[in-house]
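Participant: Below is the file work_21.txt, which contains compact mmCIF, C-alpha atoms (C1' of nucleotides).
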```txt
# COMPACT_ATOMS: atom_id res chain seq x y z
CA MET H 1 1.60 0.60 -15.12
CA THR H 2 4.26 -0.02 -12.54
CA VAL H 3 6.75 1.84 -14.69
CA SER H 4 6.73 5.61 -15.11
CA PRO H 5 6.21 6.34 -18.78
CA ASP H 6 8.78 8.20 -20.85
CA ARG H 7 6.67 11.24 -21.55
CA GLN H 8 7.74 14.78 -22.22
CA PRO H 9 7.27 17.12 -19.25
CA VAL H 10 4.99 20.12 -19.60
CA VAL H 11 6.18 22.95 -17.39
CA VAL H 12 3.64 25.40 -16.02
CA THR H 13 4.28 28.16 -13.51
CA ASP H 14 0.84 29.39 -12.55
CA LEU H 15 -2.78 28.35 -12.46
CA LYS H 16 -3.65 30.04 -15.72
CA GLU H 17 -0.99 28.12 -17.63
CA ALA H 18 -2.03 24.90 -15.99
CA ILE H 19 -5.65 25.47 -16.91
CA ASP H 20 -4.72 26.36 -20.46
CA ALA H 21 -2.73 23.14 -20.72
CA VAL H 22 -5.69 21.13 -19.49
CA ARG H 23 -8.07 22.83 -21.90
CA ALA H 24 -5.65 22.50 -24.79
CA SER H 25 -5.48 18.77 -24.22
CA GLY H 26 -9.21 18.41 -24.61
CA LEU H 27 -9.75 17.41 -20.99
CA ARG H 28 -12.52 19.10 -19.08
CA LEU H 29 -11.65 21.65 -16.48
CA THR H 30 -13.67 20.51 -13.50
CA SER H 31 -13.53 21.91 -10.01
CA ALA H 32 -11.93 18.73 -8.67
CA ARG H 33 -9.25 18.96 -11.32
CA ARG H 34 -8.69 22.62 -10.60
CA LEU H 35 -8.36 21.91 -6.90
CA VAL H 36 -5.57 19.41 -7.53
CA LEU H 37 -3.73 21.93 -9.64
CA GLU H 38 -4.22 24.67 -7.05
CA ALA H 39 -2.94 22.47 -4.24
CA LEU H 40 0.15 21.47 -6.19
CA LEU H 41 0.83 25.12 -7.05
CA ALA H 42 0.30 26.25 -3.47
CA ALA H 43 2.45 23.53 -1.93
CA ARG H 44 5.56 24.15 -4.06
CA LYS H 45 6.97 20.83 -2.91
CA PRO H 46 6.11 17.15 -3.32
CA ILE H 47 2.89 16.30 -1.48
CA SER H 48 0.72 13.23 -1.12
CA ALA H 49 -2.70 12.62 -2.63
CA GLU H 50 -4.11 12.74 0.86
CA ASP H 51 -2.57 16.16 1.46
CA ILE H 52 -4.47 17.36 -1.58
CA ALA H 53 -7.71 15.64 -0.62
CA ASP H 54 -7.48 17.20 2.84
CA GLY H 55 -7.14 20.63 1.26
CA LEU H 56 -3.55 21.03 2.46
CA GLY H 57 -4.52 20.66 6.07
CA GLY H 58 -7.70 22.69 5.91
CA THR H 59 -6.32 25.77 4.19
CA MET H 60 -8.08 24.78 0.98
CA THR H 61 -11.29 23.07 -0.08
CA GLU H 62 -11.32 19.34 0.54
CA SER H 63 -11.96 16.85 -2.21
CA ASP H 64 -12.58 13.18 -2.76
CA ILE H 65 -9.44 11.05 -2.54
CA ALA H 66 -10.45 8.82 -5.47
CA SER H 67 -10.89 11.82 -7.71
CA VAL H 68 -7.59 13.22 -6.54
CA TYR H 69 -5.82 10.01 -7.54
CA ARG H 70 -7.61 9.91 -10.87
CA ASN H 71 -6.69 13.49 -11.59
CA LEU H 72 -3.10 13.06 -10.53
CA GLU H 73 -2.87 10.17 -12.94
CA THR H 74 -4.56 12.11 -15.74
CA LEU H 75 -2.40 15.17 -15.20
CA GLY H 76 0.59 12.86 -15.11
CA GLU H 77 -0.26 11.48 -18.53
CA LEU H 78 -0.60 15.05 -19.68
CA GLY H 79 2.95 15.72 -18.53
CA LEU H 80 2.01 18.36 -15.96
CA VAL H 81 2.59 16.26 -12.86
CA ARG H 82 5.21 13.74 -11.74
CA HIS H 83 5.28 11.47 -8.76
CA PHE H 84 7.76 9.28 -6.96
CA HIS H 85 8.05 6.97 -3.99
CA ALA H 86 10.61 7.95 -1.39
CA GLY H 87 10.88 5.02 0.96
CA HIS H 88 7.80 3.98 2.93
CA GLY H 89 4.59 5.95 2.96
CA PRO H 90 2.43 7.43 0.23
CA GLY H 91 3.64 8.56 -3.17
CA ARG H 92 4.58 12.23 -3.55
CA TYR H 93 3.30 14.41 -6.36
CA VAL H 94 4.77 17.60 -7.80
CA LEU H 95 4.20 19.85 -10.75
CA GLU H 96 6.78 19.43 -13.48
CA ASP H 97 9.36 22.17 -13.33
CA PHE H 98 12.60 23.11 -14.97
CA GLY H 99 15.58 22.42 -12.74
CA GLU H 100 15.61 20.27 -9.66
CA HIS H 101 13.40 17.35 -10.17
CA GLU H 102 15.18 14.40 -8.72
CA TYR H 103 15.47 13.82 -5.01
CA LEU H 104 17.61 12.40 -2.27
CA ALA H 105 15.32 11.11 0.45
CA CYS H 106 16.56 11.00 4.03
CA GLU H 107 15.18 7.90 5.72
CA SER H 108 15.86 9.35 9.13
CA CYS H 109 14.33 12.84 9.14
CA GLY H 110 12.21 12.48 6.01
CA ALA H 111 13.79 15.45 4.28
CA LEU H 112 13.71 15.55 0.50
CA GLU H 113 16.76 17.12 -1.07
CA ALA H 114 16.00 18.31 -4.56
CA VAL H 115 18.77 18.04 -7.11
CA GLU H 116 19.11 18.69 -10.79
CA PRO H 117 18.92 15.49 -12.79
CA SER H 118 22.23 16.23 -14.48
CA SER H 119 23.99 16.29 -11.14
CA LEU H 120 23.22 12.58 -10.84
CA ASP H 121 24.80 11.78 -14.20
CA GLY H 122 28.04 10.78 -12.54
CA VAL H 123 26.11 8.47 -10.24
CA ARG H 124 24.31 6.87 -13.15
CA ASP H 125 27.64 6.45 -14.94
CA LYS H 126 29.08 4.59 -11.97
CA VAL H 127 26.13 2.22 -11.90
CA ARG H 128 26.31 1.67 -15.66
CA GLU H 129 29.96 0.66 -15.32
CA LEU H 130 28.94 -2.34 -13.25
CA SER H 131 26.85 -4.22 -15.79
CA GLY H 132 25.18 -1.80 -18.15
CA PHE H 133 22.36 -1.18 -15.69
CA GLU H 134 20.58 2.12 -16.34
CA ALA H 135 19.69 3.64 -12.97
CA ARG H 136 16.58 5.80 -12.93
CA PHE H 137 16.09 7.93 -9.89
CA SER H 138 13.03 9.85 -10.99
CA HIS H 139 10.41 7.37 -9.81
CA PHE H 140 12.38 5.68 -7.01
CA PRO H 141 14.84 8.23 -5.65
CA ILE H 142 18.04 7.57 -3.79
CA VAL H 143 17.34 6.85 -0.14
CA GLY H 144 19.83 7.30 2.65
CA LEU H 145 20.87 9.82 5.26
CA CYS H 146 21.12 13.53 4.67
CA ALA H 147 24.37 15.16 5.74
CA ASP H 148 22.89 16.26 9.08
CA CYS H 149 21.46 12.89 10.03
CA ALA H 150 24.61 11.11 8.88
CA LYS H 151 26.66 13.37 11.13
CA LYS H 152 24.37 12.83 14.10
CA ARG H 153 24.43 9.10 13.61
CA LYS H 154 28.18 9.05 13.33
CA SER H 155 28.77 10.97 16.51
CA ALA H 156 26.16 8.87 18.28
CA SER H 157 27.49 5.54 17.06
CA GLY H 158 29.85 5.12 19.97
CA ARG H 159 27.03 5.38 22.47
CA ALA H 160 24.52 3.54 20.27
CA ALA H 161 26.75 0.48 20.01
CA ALA H 162 26.23 -0.13 23.72
CA HIS H 163 22.45 -0.44 23.68
CA ARG H 164 21.86 -1.69 20.18
CA HIS H 165 18.61 -3.65 19.89
CA MET U 1 10.41 1.32 12.38
CA THR U 2 10.67 2.85 8.94
CA VAL U 3 14.44 2.75 9.10
CA SER U 4 16.43 -0.44 8.85
CA PRO U 5 18.47 -0.75 12.02
CA ASP U 6 22.26 -0.84 11.96
CA ARG U 7 22.62 -4.36 13.22
CA GLN U 8 25.39 -6.81 12.63
CA PRO U 9 24.51 -9.54 10.13
CA VAL U 10 24.57 -13.16 11.26
CA VAL U 11 25.47 -15.42 8.37
CA VAL U 12 24.13 -18.98 8.34
CA THR U 13 24.46 -21.48 5.53
CA ASP U 14 22.16 -24.31 6.52
CA LEU U 15 19.15 -25.09 8.65
CA LYS U 16 21.18 -26.41 11.53
CA GLU U 17 23.16 -23.20 11.86
CA ALA U 18 20.01 -21.15 11.58
CA ILE U 19 18.32 -23.19 14.29
CA ASP U 20 21.36 -22.92 16.52
CA ALA U 21 21.36 -19.17 16.09
CA VAL U 22 17.69 -19.00 17.06
CA ARG U 23 18.24 -21.21 20.09
CA ALA U 24 21.35 -19.31 21.13
CA SER U 25 19.37 -16.08 21.14
CA GLY U 26 16.88 -17.45 23.63
CA LEU U 27 14.03 -17.42 21.13
CA ARG U 28 11.88 -20.50 20.87
CA LEU U 29 12.22 -22.70 17.88
CA THR U 30 8.62 -23.12 16.82
CA SER U 31 7.43 -24.88 13.70
CA ALA U 32 6.26 -21.61 12.18
CA ARG U 33 9.69 -20.12 12.75
CA ARG U 34 11.41 -23.17 11.33
CA LEU U 35 9.21 -23.00 8.25
CA VAL U 36 10.28 -19.43 7.54
CA LEU U 37 13.92 -20.43 7.84
CA GLU U 38 13.43 -23.47 5.61
CA ALA U 39 11.67 -21.44 2.94
CA LEU U 40 14.41 -18.81 2.91
CA LEU U 41 17.07 -21.51 2.69
CA ALA U 42 15.23 -23.34 -0.07
CA ALA U 43 14.56 -20.23 -2.14
CA ARG U 44 18.17 -19.00 -2.28
CA LYS U 45 16.93 -15.64 -3.52
CA PRO U 46 14.83 -12.77 -2.17
CA ILE U 47 11.21 -13.82 -1.70
CA SER U 48 8.08 -12.22 -0.34
CA ALA U 49 6.31 -13.02 2.92
CA GLU U 50 3.46 -14.38 0.86
CA ASP U 51 5.78 -16.74 -0.98
CA ILE U 52 6.77 -18.15 2.38
CA ALA U 53 3.20 -18.32 3.69
CA ASP U 54 2.17 -20.17 0.52
CA GLY U 55 4.90 -22.72 1.11
CA LEU U 56 6.85 -21.59 -1.95
CA GLY U 57 4.02 -22.34 -4.27
CA GLY U 58 2.88 -25.56 -2.65
CA THR U 59 6.23 -27.31 -2.46
CA MET U 60 6.36 -26.71 1.27
CA THR U 61 3.97 -26.55 4.19
CA GLU U 62 1.85 -23.42 4.24
CA SER U 63 1.77 -21.08 7.19
CA ASP U 64 -0.06 -18.09 8.53
CA ILE U 65 0.93 -14.83 6.87
CA ALA U 66 0.82 -12.85 10.12
CA SER U 67 3.20 -15.27 11.79
CA VAL U 68 5.45 -15.16 8.77
CA TYR U 69 5.69 -11.38 9.04
CA ARG U 70 6.28 -11.56 12.77
CA ASN U 71 9.01 -14.13 12.32
CA LEU U 72 10.66 -12.27 9.50
CA GLU U 73 10.80 -9.25 11.74
CA THR U 74 12.12 -11.23 14.68
CA LEU U 75 14.73 -13.00 12.57
CA GLY U 76 15.65 -9.62 11.14
CA GLU U 77 16.31 -8.25 14.62
CA LEU U 78 18.42 -11.31 15.24
CA GLY U 79 20.51 -10.45 12.20
CA LEU U 80 19.68 -13.60 10.25
CA VAL U 81 17.35 -12.01 7.71
CA ARG U 82 17.33 -8.82 5.68
CA HIS U 83 14.63 -7.29 3.55
CA PHE U 84 14.31 -4.54 1.01
CA HIS U 85 11.74 -2.88 -1.22
CA ALA U 86 12.46 -2.97 -4.92
CA GLY U 87 9.93 -0.68 -6.50
CA HIS U 88 6.26 -1.51 -6.19
CA GLY U 89 4.96 -4.74 -4.73
CA PRO U 90 5.71 -6.60 -1.53
CA GLY U 91 8.99 -6.47 0.36
CA ARG U 92 11.59 -9.14 -0.38
CA TYR U 93 13.31 -11.15 2.29
CA VAL U 94 16.63 -13.02 2.17
CA LEU U 95 18.94 -14.75 4.57
CA GLU U 96 22.03 -12.73 5.38
CA ASP U 97 24.97 -13.96 3.38
CA PHE U 98 28.55 -13.01 2.74
CA GLY U 99 28.98 -11.46 -0.68
CA GLU U 100 26.28 -10.06 -2.89
CA HIS U 101 23.70 -8.42 -0.78
CA GLU U 102 22.72 -5.30 -2.52
CA TYR U 103 20.56 -5.23 -5.60
CA LEU U 104 19.80 -3.42 -8.81
CA ALA U 105 16.09 -3.81 -9.50
CA CYS U 106 14.87 -3.70 -13.10
CA GLU U 107 11.54 -1.89 -13.20
CA SER U 108 10.75 -3.37 -16.58
CA CYS U 109 11.32 -7.13 -16.26
CA GLY U 110 11.48 -7.32 -12.47
CA ALA U 111 14.93 -8.90 -12.43
CA LEU U 112 17.06 -8.43 -9.34
CA GLU U 113 20.73 -8.11 -10.04
CA ALA U 114 22.76 -8.97 -6.95
CA VAL U 115 25.95 -7.03 -6.41
CA GLU U 116 28.57 -6.88 -3.73
CA PRO U 117 28.08 -3.85 -1.50
CA SER U 118 31.64 -2.68 -2.11
CA SER U 119 30.96 -2.45 -5.84
CA LEU U 120 28.54 0.36 -5.06
CA ASP U 121 31.14 2.33 -3.10
CA GLY U 122 31.93 4.45 -6.14
CA VAL U 123 28.25 5.20 -6.54
CA ARG U 124 27.92 6.23 -2.91
CA ASP U 125 31.01 8.41 -3.28
CA LYS U 126 29.45 10.23 -6.22
CA VAL U 127 26.30 10.92 -4.22
CA ARG U 128 28.28 12.08 -1.20
CA GLU U 129 30.11 14.60 -3.38
CA LEU U 130 26.84 16.42 -3.99
CA SER U 131 25.98 17.48 -0.47
CA GLY U 132 27.30 14.95 1.99
CA PHE U 133 24.27 12.72 1.52
CA GLU U 134 24.98 9.12 2.52
CA ALA U 135 23.18 6.86 0.06
CA ARG U 136 22.04 3.50 1.45
CA PHE U 137 21.00 0.95 -1.08
CA SER U 138 20.41 -1.98 1.24
CA HIS U 139 16.81 -1.20 2.14
CA PHE U 140 15.79 0.74 -0.97
CA PRO U 141 17.89 -0.55 -3.86
CA ILE U 142 18.71 1.22 -7.07
CA VAL U 143 15.82 0.94 -9.52
CA GLY U 144 16.15 1.28 -13.26
CA LEU U 145 16.57 -0.83 -16.36
CA CYS U 146 18.80 -3.87 -16.60
CA ALA U 147 21.17 -3.92 -19.57
CA ASP U 148 18.79 -6.10 -21.59
CA CYS U 149 15.71 -3.98 -21.03
CA ALA U 150 17.68 -0.78 -21.60
CA LYS U 151 18.84 -2.14 -24.93
CA LYS U 152 15.34 -3.19 -25.96
CA ARG U 153 13.95 0.16 -25.03
CA LYS U 154 16.65 2.00 -26.90
CA SER U 155 16.14 0.10 -30.12
CA ALA U 156 12.38 0.49 -29.75
CA SER U 157 12.47 4.21 -28.99
CA GLY U 158 12.33 5.21 -32.65
CA ARG U 159 9.10 3.32 -33.16
CA ALA U 160 7.73 4.17 -29.72
CA ALA U 161 8.02 7.90 -30.35
CA ALA U 162 5.40 7.59 -33.05
CA HIS U 163 2.63 6.17 -30.88
CA ARG U 164 3.52 7.63 -27.53
CA HIS U 165 0.48 8.07 -25.30
C1' DC V 1 -29.31 30.11 -24.78
C1' DG V 2 -30.94 25.41 -24.24
C1' DG V 3 -30.30 20.67 -24.93
C1' DA V 4 -27.55 16.46 -25.82
C1' DA V 5 -23.41 13.80 -25.27
C1' DT V 6 -20.08 12.05 -22.48
C1' DG V 7 -16.24 12.89 -19.46
C1' DA V 8 -15.80 13.38 -14.59
C1' DT V 9 -17.46 13.09 -9.93
C1' DG V 10 -18.59 11.17 -5.33
C1' DC V 11 -19.35 7.37 -2.74
C1' DG V 12 -18.80 2.84 -1.48
C1' DA V 13 -16.61 -1.35 -2.25
C1' DT V 14 -12.40 -3.69 -3.18
C1' DA V 15 -7.55 -4.67 -3.49
C1' DC V 16 -3.03 -5.27 -1.59
C1' DG V 17 0.62 -5.50 1.75
C1' DT V 18 1.24 -5.29 6.44
C1' DT V 19 0.21 -4.90 11.43
C1' DT V 20 -2.34 -5.70 15.62
C1' DG V 21 -5.48 -7.77 19.38
C1' DC V 22 -6.50 -11.60 21.60
C1' DA V 23 -7.61 -16.22 23.30
C1' DG V 24 -5.51 -20.48 23.24
C1' DC V 25 -1.47 -23.42 22.37
C1' DA V 26 3.06 -25.48 22.89
C1' DA V 27 8.30 -25.01 23.66
C1' DG V 28 11.52 -25.40 26.96
C1' DG V 29 12.89 -25.02 31.81
C1' DA V 30 12.17 -26.70 36.66
C1' DT M 1 5.40 -33.81 34.36
C1' DC M 2 3.69 -29.33 35.08
C1' DC M 3 4.22 -24.18 34.54
C1' DT M 4 5.43 -20.20 32.49
C1' DT M 5 5.19 -17.32 28.88
C1' DG M 6 6.59 -16.78 24.13
C1' DC M 7 4.25 -17.83 20.04
C1' DT M 8 0.50 -19.05 17.10
C1' DG M 9 -3.69 -18.72 14.24
C1' DC M 10 -7.49 -16.21 13.18
C1' DA M 11 -9.89 -12.08 12.48
C1' DA M 12 -10.01 -7.41 12.20
C1' DA M 13 -7.91 -3.01 11.11
C1' DC M 14 -4.69 -0.45 8.80
C1' DG M 15 -2.60 2.75 4.92
C1' DT M 16 -2.37 3.36 0.14
C1' DA M 17 -4.48 2.95 -4.09
C1' DT M 18 -7.99 1.48 -7.49
C1' DC M 19 -12.51 0.47 -9.38
C1' DG M 20 -17.73 0.12 -10.36
C1' DC M 21 -21.47 2.70 -10.93
C1' DA M 22 -25.24 5.93 -10.85
C1' DT M 23 -25.36 10.75 -11.14
C1' DC M 24 -23.69 15.25 -12.32
C1' DA M 25 -21.89 19.13 -14.99
C1' DT M 26 -18.79 20.74 -18.74
C1' DT M 27 -18.45 21.42 -23.22
C1' DC M 28 -20.12 21.26 -27.77
C1' DC M 29 -23.47 22.28 -31.09
C1' DG M 30 -27.36 24.05 -33.08
```
Rewrite the coordinates I just gave you, this time as structure tokens.

Facilitator:
Amino acid sequence: MTVSPDRQPVVVTDLKEAIDAVRASGLRLTSARRLVLEALLAARKPISAEDIADGLGGTMTESDIASVYRNLETLGELGLVRHFHAGHGPGRYVLEDFGEHEYLACESCGALEAVEPSSLDGVRDKVRELSGFEARFSHFPIVGLCADCAKKRKSASGRAAAHRH
Amino acid sequence: MTVSPDRQPVVVTDLKEAIDAVRASGLRLTSARRLVLEALLAARKPISAEDIADGLGGTMTESDIASVYRNLETLGELGLVRHFHAGHGPGRYVLEDFGEHEYLACESCGALEAVEPSSLDGVRDKVRELSGFEARFSHFPIVGLCADCAKKRKSASGRAAAHRH
DNA sequence: CGGAATGATGCGATACGTTTGCAGCAAGGA
DNA sequence: TCCTTGCTGCAAACGTATCGCATCATTCCG
């Protein structure tokens, strides 16, 4: 349960496809389920369960947080939805898609930089060289500083050193 | 608060040094504080705040979990203690030390593989090549499968494919 | 189209890890 | 030894996530 299962992603690009996938699986298409799908489609980026329950900040119908979590889990098992944990805070959920579905999470500004999984192959290779460890960045992404924040921090480091807590 | 500060580590190897460091900083040496230090020294590996509060499973005096957290934070600011989050579950705390203080966390068996920070330089370089992103593995380590678990999973994948949920 | 079966909902309770408020205590200086 | 104030212990609250359960509504089937 703590480990993301090795399941095959199911890519959908609109609500109709998503609904078809749900129906095809034998699951019922309920309004709560549909709302989760609609929110994920509308957001087009990783969002939290609470974002969905809140109706994306009031722009959509609200729903019960417990049902949202249950549906995210169900849709995850179906292969329609993925989620990951980027540092502190709630998990982030996204619809499965083709390309960019791994992330670099900036711990300073909170930005999520989407990258294609294959672009991290070299990184995984480097880790594997150490001891045969197989790094997996899909459920716990790489955390650090995006280029902007790294630059800011570097140029500020002279001053910061003076009043470091 | 969500970002680990860039502070200089203070390495101590025994209780006396730890106590001296606390005293030298102007902080009071209370019994609760001492207990945290003793537990970290006794454990010799990353442990949770609850482990400390429980007296390492009854082998030491118990203490209040809130005070443990407060002291871990205080000792962290002092540079004596670090902590990180390896996947799900509570944060793990360790005394600062010289060598191995970054980790590879196996999401299958829970093992923590300690590595020297410099051995991850190549990994950080590979990430930087992508977009200038500066990966930091000290607060959110690399998660994946240790060599053993990766091997088990590989040899089991033929069978697993049959009854995949 | 109506009725039965059961998957799904909504709500509250619960869990877990962590933080905070606060009254009282005790470490360390005078 | 007393005083100051940092620190404690306890309880409560927090954010994220899960679960129990009675009720509801989707889907199937006739």

Participant: Figure out the distance between CA of Val115 (chain H) and CA of Lys16 (chain H), please, to one decimal in Å.

Facilitator: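 Taking CA of Lys16 (chain H) and CA of Val115 (chain H), their separation equals 26.8 Å.
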
Participant: Find the residues with any atom within 9 Å of (-14.7, 1.6, -9.0); use all atoms listed in the file and the coordinates as given in the file, and write the answer as a PyMOL selection string.

Facilitator: (chain V and resi 12-14) or (chain M and resi 18-21)

Participant: Could the residues in this selection be written to a file with C-alpha atoms (C1' of nucleotides), as a PDB file, in the coordinates of the input?

Facilitator:
```pdb
ATOM      1  C1'  DG V  12     -18.800   2.840  -1.480  1.00  0.00           C
ATOM      2  C1'  DA V  13     -16.610  -1.350  -2.250  1.00  0.00           C
ATOM      3  C1'  DT V  14     -12.400  -3.690  -3.180  1.00  0.00           C
TER       4       DT V  14
ATOM      5  C1'  DT M  18      -7.990   1.480  -7.490  1.00  0.00           C
ATOM      6  C1'  DC M  19     -12.510   0.470  -9.380  1.00  0.00           C
ATOM      7  C1'  DG M  20     -17.730   0.120 -10.360  1.00  0.00           C
ATOM      8  C1'  DC M  21     -21.470   2.700 -10.930  1.00  0.00           C
TER       9       DC M  21
END
```

Participant: Which of these residues is nearest to DC24 (chain M), using only C-alpha atoms (C1' of nucleotides): V:DA8, V:DC16, V:DC22, V:DA30?

Facilitator: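 When distances to DC24 (chain M) are compared using only C-alpha atoms (C1' of nucleotides), the smallest one comes from V:DA8.
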
Participant: Counting only C-alpha atoms (C1' of nucleotides), which residues of chain H come no farther than 10 Å from chain M, as number ranges by chain?

Facilitator: H: 26-30, 49-50, 65-66, 69-70, 89-91

Participant: To one decimal place in Å, what is the distance between CA of Leu130 (chain U) and CA of Val81 (chain H)?

Facilitator: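 Result for CA of Leu130 (chain U) versus CA of Val81 (chain H): 25.8 Å, one decimal.
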
Participant: Mind dumping a table of every chain V residue within 9 Å of chain U, with the nearest atom pair and its distance in Å to one decimal, using all atoms listed in the file, sorted by chain and rising number, as CSV?

Facilitator:
```
residue,atom,partner,partner_atom,distance
V:DC16,C1',U:Gly89,CA,8.6
V:DG17,C1',U:Pro90,CA,6.2
V:DT18,C1',U:Tyr69,CA,8.0
V:DT19,C1',U:Ala66,CA,8.1
V:DA26,C1',U:Thr30,CA,8.6
V:DA27,C1',U:Arg28,CA,6.4
V:DG28,C1',U:Arg28,CA,7.8
```

Participant: I'd like the interatomic distance between CA of Pro9 (chain U) and CA of Cys106 (chain H), to a tenth of an Å.

Facilitator: 22.9 Å

Participant: Taking only residues of chain H that have an atom at most 6 Å from an atom of chain U, what is each one's shortest atom pair and its distance in Å to one decimal, using all atoms listed in the file, in chain and number order, as a Markdown table?

Facilitator:
```
| residue | atom | partner | partner_atom | distance |
| --- | --- | --- | --- | --- |
| H:Val123 | CA | U:Val123 | CA | 5.4 |
| H:Lys126 | CA | U:Val123 | CA | 5.5 |
| H:Gly132 | CA | U:Ala147 | CA | 4.8 |
| H:Phe133 | CA | U:Cys146 | CA | 4.6 |
| H:Glu134 | CA | U:Leu145 | CA | 5.0 |
| H:Ala135 | CA | U:Gly144 | CA | 4.3 |
| H:Arg136 | CA | U:Gly144 | CA | 4.6 |
| H:Val143 | CA | U:Ala135 | CA | 5.8 |
| H:Gly144 | CA | U:Ala135 | CA | 4.3 |
| H:Leu145 | CA | U:Glu134 | CA | 5.0 |
| H:Cys146 | CA | U:Phe133 | CA | 4.5 |
| H:Ala147 | CA | U:Gly132 | CA | 4.8 |
```
